[in-house]
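Q: Below you will find the structure I want to go over with you.
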There are 2 protein chains.
Amino acid sequence: MFGTFAVLALTASVRAQDPLSSWNDGKAKQAILEFVKATTTQGGPQFVPSEARIATFDQDGTLWVEHPMYTQVMYCLERVPDLVKARPELKDKPPFNTVLELLHGDRAAMEKLNIKDLEVIGAATLAGMSVDTFKAEVKKWLGAAKDPRWKRSYTELTYQPMQELLRYLRANGYKTYIVTGGGQDFVREYAEQTYGIPPEEVVGTAGETKYGYDKNGKPFLTKEPKLILNDNNAGKAEGIHLMIGRQPYAAFGNSTGDRQMLEYTKAGDGARLAMIVLHDDATREYAYGPANGLPNTKVGTFTQALYDEAKKNGWTVISMKNDWKKIFAFEP
Amino acid sequence: MFGTFAVLALTASVRAQDPLSSWNDGKAKQAILEFVKATTTQGGPQFVPSEARIATFDQDGTLWVEHPMYTQVMYCLERVPDLVKARPELKDKPPFNTVLELLHGDRAAMEKLNIKDLEVIGAATLAGMSVDTFKAEVKKWLGAAKDPRWKRSYTELTYQPMQELLRYLRANGYKTYIVTGGGQDFVREYAEQTYGIPPEEVVGTAGETKYGYDKNGKPFLTKEPKLILNDNNAGKAEGIHLMIGRQPYAAFGNSTGDRQMLEYTKAGDGARLAMIVLHDDATREYAYGPANGLPNTKVGTFTQALYDEAKKNGWTVISMKNDWKKIFAFEP
């Protein structure tokens with residue numbers, strides 16, 4: 001009697017708890033549910049053994065907000081005042097002087113920064129210190145920094161539907177990797193707390209480290225300004241091979257930088273899920289493409305060619321506006 | 001009544017099943033048991049949460065036989081006949097002609113091969129083909145190749161006590177990584193079947209791959225002859241940071257190539273286990289050092305300096321002769 005009651009109660013509770021409750025019913029949600037069912041149904045023609053269940057997620061623009069500027073770039077810029085304090089000779093030198101102006105409110109100065117400038121600032125703020133020092137600096141910054149629009153920590157700006165998707169895939173035996181163009185060490189600093197993804201499941205742009213000893217003979221690693229893996233575009237497929245060693249069954253992205261990861265995932269046998277987030281919700285988040293006539297952008301570009309490739313190759317486009325009932329956990 | 005019986009039966013069964021039954025009682029076995037108890041006792045001062053339980057294992061000479069020559073070098077040499085068939089211009093060119101002599105029985109010719117020769121042979125047999133072609137070639141070779149002394153597959157020459165140790169650590173919530181100077185793609189081809197270690201938990205010497213498309217537009221990766229990570233010596237600590245992103249709690253090695261990995265592991269807070277296998281059993285396996293007056297070798301060198309560092313830093317030396325009751329699973 002008690003047994004029957006417990007089973008009924010459990011069934012009702014499972015029914016009540018839609019694991020993807022922030023998704024509207026539609027093609028995107030359907031594609032996820034069908035993929036998971038197909039790959040986890042024992043004896044089914046598309047069953048995937050649990051050890052092969054790998055899913056990879058781009059981060060910026062796929063799991064959290066990337067506009068108006070990538071969080072890591074904000075980190076690098078906001079590190080400049082401390083950097084200049086430690087190395088005063090940089091104070092009047094471009095691009096550091098431009099960054100100082102910019103942080104003092106002259107936002108127009110941001111236009112003056114080009115890729116080369118950002119590389120110089122990146123090399124000065126992301127390398128040249130011990131791994132432990134870098135981790136402490138990132139942690140401190142993350143605890144204090146706020147996104148200017150929402151006045152919230154950057155780590156609160158994750159997409160609730162994607163958080164549900166991560167949990168849903170993991171509940172179905174998938175390992176969920178981040179595969180990001182962002183810095184591997186940077187993202188690892190918050191991925192576990194923010195997404196439940198441990199450091200060893202974060203693949204990102206990575207530089208060399210150098211092994212050495214402190215004055216007491218204790219070993220430590222120093223971050224060197226030399227790139228090992230540029231984890232963007234083709235580098236995402238190459239990075240997946242380097243760090244994971246097998247093709248994912250599911251991959252999620254939002255921009256041209258994710259194209260090869262999605263192609264590489266879809267190239268495998270059996271059921272493969274490729275999804276791409278379209279930022280078409282200017283009210284609740286941002287709208288940019290230029291696919292589908294949306295405004296153009298340099299940050300997280302989703303071209304019409306990419307949109308056409310998605311349609312041609314059976315990738316599912318996720319419309320933030322139509323497919324997501326709720327975007328952030330903090331929404332009322 | 002039934003409950004009590006079941007508990008008693010289970011207790012008896014657990015007692016009967018020593019998880020490290022191929023280890024003799026002694027300091028090495030004791031160190032393992034104490035470490036696992038300390039790091040898994042909830043509420044204890046050295047408790048480690050399960051997500052941080054990382055253990056790293058060197059492969060050649062630590063998990064399986066490396067003498068008289070590393071298995072992967074045998075692979076490269078035995079690939080030369082097929083390579084010469086495909087590229088006849090190499091037939092009379094050194095070092096390929098030397099390898100052909102050697103494979104025809106003139107073992108003395110092996111002496112003529114230096115590191116530079118091995119690099120040339122490695123570049124020709126480990127790169128320049130697609131990842132899938134490489135995987136197929138390795139798989140085929142592993143299925144046919146035999147170790148000349150034991151006349152068994154190389155994958156049978158794993159150490160039974162280390163297999164037990166891998167399983168014992170995993171049963172206690174540890175992720176067990178291979179961190180090898182050998183080729184990452186090579187080791188990944190058999191690590192899952194041989195050790196229960198999936199590709200994403202194999203860290204090894206890795207080269208670049210290059211993303212491209214076949215004539216039907218299907219993407220694939222080509223192995224390039226350019227090194228990304230030389231996963232030996234300091235490269236092991238650097239590789240652990242790159243691929244795992246945190247310091248291991250336990251590390252196991254057998255040669256100078258493992259020194260920095262063991263130091264890096266021991267440098268962490270709390271209970272850390274560092275163990276190093278000494279090949280001192282010429283009868284059941286091989287004897288080499290030159291530590292402890294054992295014969296010198298270029299393959300898996302264990303110097304007296306390393307032995308002294310082990311003693312000084314609280315690493316546990318595993319004597320194959322004294323600590324291992326059984327070396328191979330196939331022993332009677």
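Letters A, B, ... mark the chains of the structure tokens in the order given; residue numbers begin at 1 per chain; ligand numbers begin at 1, in order shown.
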May I ask you to extract the residues of chain A within 7 Å of chain B, using only C-alpha atoms, and to give them as a list in words?
A: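 Interface list for chain A against chain B: Pro199, Glu200, Thr209, Lys210, Tyr211, Lys218, Pro219, Ile228, Ala234, Glu238, Met243, Ile244, Gly245, Glu263, Tyr264 and Ala267 of chain A.
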Q: With a distance cut-off of 12 Å and only C-alpha atoms, select the neighbouring residues of stretch 94-102 of chain A, excluding the residue or stretch itself and same-chain residues fewer than 2 positions from it, and output the selection as a ChimeraX atom specification.
A: /A:73-85,87-92,104-122,124-125
Q: For a test of reading the model, state the distance in Å between atom CA of B:Leu166 and atom CA of B:Thr316, rounded to one decimal.
A: 16.8 Å
Q: One number please: atom CA of B:Asp58 to atom CA of B:Phe252, in Å, one decimal.
A: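 Rounded to one decimal, the two atoms are 6.1 Å apart.
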Q: In terms of the shortest atom-to-atom distance over only C-alpha atoms, which of A:Thr301, A:Ser21, A:Thr194, A:Gln46 is closest to A:Lys326?
A: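 Ranking A:Thr301, A:Ser21, A:Thr194, A:Gln46 by distance to A:Lys326, first place goes to A:Ser21.
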Q: Taking the backbone alone, and naming residues the way the document does, which bits of stretch 252-281 of chain A are strand (DSSP E or B) by DSSP, as number ranges by chain?
A: A: 252-253, 273-278, 280
Q: Write down as number ranges by chain the residues of stretch 239-309 of chain B whose backbone DSSP state falls under alpha helix (DSSP H).
A: B: 239-243, 259-266, 304-309
Q: Limited to C-alpha atoms, could you put the picked residues into a file as a tab-separated table (two decimals), in the first residue's frame?
A:
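Result written to again31.tsv:
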chain	number	residue	atom	x	y	z
B	239	GLY	CA	50.41	19.12	-18.75
B	240	ILE	CA	48.44	18.42	-15.58
B	241	HIS	CA	47.65	22.12	-15.31
B	242	LEU	CA	46.69	22.33	-18.99
B	243	MET	CA	44.50	19.24	-19.10
B	259	ARG	CA	60.08	13.88	-10.73
B	260	GLN	CA	58.24	17.17	-11.25
B	261	MET	CA	54.82	15.50	-11.24
B	262	LEU	CA	55.62	13.95	-7.85
B	263	GLU	CA	57.02	17.23	-6.48
B	264	TYR	CA	54.01	19.17	-7.76
B	265	THR	CA	51.62	16.68	-6.17
B	266	LYS	CA	53.43	16.72	-2.83
B	304	GLN	CA	70.26	7.75	-7.10
B	305	ALA	CA	69.47	11.49	-6.86
B	306	LEU	CA	65.80	10.73	-7.49
B	307	TYR	CA	65.91	7.97	-4.89
B	308	ASP	CA	67.43	10.40	-2.37
B	309	GLU	CA	64.78	13.02	-3.19
Q: So how far away is atom CA of B:Val277 from atom CA of B:Phe35, in Å?
A: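 Rounded to one decimal, the two atoms are 17.3 Å apart.
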Q: With distances taken over only C-alpha atoms, which residue among A:Leu169, A:Met129, A:Ala310, A:Val317 lies nearest A:Ser50?
A: A:Leu169
Q: Excluding stretch 295-299 of chain B and residues on its chain fewer than 4 positions from it, collect all residues at most 7 Å away from it, counting only C-alpha atoms, and give them as a list of chain:residue names.
A: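 That gives B:His67, B:Met69, B:Ala287, B:Tyr288, B:Gly289, B:Pro290.
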Q: Output the selection as a PDB file, in the first residue's frame - all heavy atoms for each residue.
A:
ATOM      1  N   HIS B  67      60.602  -2.144 -20.637  1.00  0.00           N
ATOM      2  CA  HIS B  67      61.872  -2.690 -21.124  1.00  0.00           C
ATOM      3  C   HIS B  67      61.643  -3.855 -22.059  1.00  0.00           C
ATOM      4  O   HIS B  67      60.602  -4.492 -21.959  1.00  0.00           O
ATOM      5  CB  HIS B  67      62.731  -3.154 -19.923  1.00  0.00           C
ATOM      6  CG  HIS B  67      63.716  -2.110 -19.494  1.00  0.00           C
ATOM      7  ND1 HIS B  67      64.984  -2.384 -19.085  1.00  0.00           N
ATOM      8  CD2 HIS B  67      63.605  -0.761 -19.438  1.00  0.00           C
ATOM      9  CE1 HIS B  67      65.613  -1.262 -18.763  1.00  0.00           C
ATOM     10  NE2 HIS B  67      64.784  -0.265 -18.961  1.00  0.00           N
ATOM     11  N   MET B  69      62.332  -1.842 -24.455  1.00  0.00           N
ATOM     12  CA  MET B  69      62.087  -0.591 -25.197  1.00  0.00           C
ATOM     13  C   MET B  69      60.611  -0.228 -25.041  1.00  0.00           C
ATOM     14  O   MET B  69      59.750  -1.109 -25.011  1.00  0.00           O
ATOM     15  CB  MET B  69      62.443  -0.813 -26.670  1.00  0.00           C
ATOM     16  CG  MET B  69      62.358   0.407 -27.582  1.00  0.00           C
ATOM     17  SD  MET B  69      62.968   1.961 -26.866  1.00  0.00           S
ATOM     18  CE  MET B  69      64.743   1.692 -26.943  1.00  0.00           C
ATOM     19  N   ALA B 287      65.442  -5.476 -13.848  1.00  0.00           N
ATOM     20  CA  ALA B 287      66.102  -4.714 -12.776  1.00  0.00           C
ATOM     21  C   ALA B 287      66.911  -3.589 -13.398  1.00  0.00           C
ATOM     22  O   ALA B 287      67.784  -3.829 -14.228  1.00  0.00           O
ATOM     23  CB  ALA B 287      67.003  -5.626 -11.946  1.00  0.00           C
ATOM     24  N   TYR B 288      66.560  -2.357 -13.053  1.00  0.00           N
ATOM     25  CA  TYR B 288      67.329  -1.214 -13.545  1.00  0.00           C
ATOM     26  C   TYR B 288      67.161  -0.016 -12.631  1.00  0.00           C
ATOM     27  O   TYR B 288      66.158   0.111 -11.935  1.00  0.00           O
ATOM     28  CB  TYR B 288      66.961  -0.862 -14.987  1.00  0.00           C
ATOM     29  CG  TYR B 288      65.477  -0.688 -15.291  1.00  0.00           C
ATOM     30  CD1 TYR B 288      64.884   0.581 -15.266  1.00  0.00           C
ATOM     31  CD2 TYR B 288      64.681  -1.778 -15.638  1.00  0.00           C
ATOM     32  CE1 TYR B 288      63.526   0.748 -15.583  1.00  0.00           C
ATOM     33  CE2 TYR B 288      63.331  -1.625 -15.948  1.00  0.00           C
ATOM     34  CZ  TYR B 288      62.756  -0.360 -15.905  1.00  0.00           C
ATOM     35  OH  TYR B 288      61.430  -0.206 -16.210  1.00  0.00           O
ATOM     36  N   GLY B 289      68.147   0.837 -12.644  1.00  0.00           N
ATOM     37  CA  GLY B 289      68.140   2.038 -11.813  1.00  0.00           C
ATOM     38  C   GLY B 289      68.668   3.203 -12.597  1.00  0.00           C
ATOM     39  O   GLY B 289      67.960   3.683 -13.459  1.00  0.00           O
ATOM     40  N   PRO B 290      69.866   3.699 -12.256  1.00  0.00           N
ATOM     41  CA  PRO B 290      70.945   3.060 -11.482  1.00  0.00           C
ATOM     42  C   PRO B 290      70.831   3.217  -9.963  1.00  0.00           C
ATOM     43  O   PRO B 290      71.759   2.842  -9.261  1.00  0.00           O
ATOM     44  CB  PRO B 290      72.191   3.796 -11.992  1.00  0.00           C
ATOM     45  CG  PRO B 290      71.684   5.174 -12.319  1.00  0.00           C
ATOM     46  CD  PRO B 290      70.289   4.958 -12.845  1.00  0.00           C
TER      47      PRO B 290
END
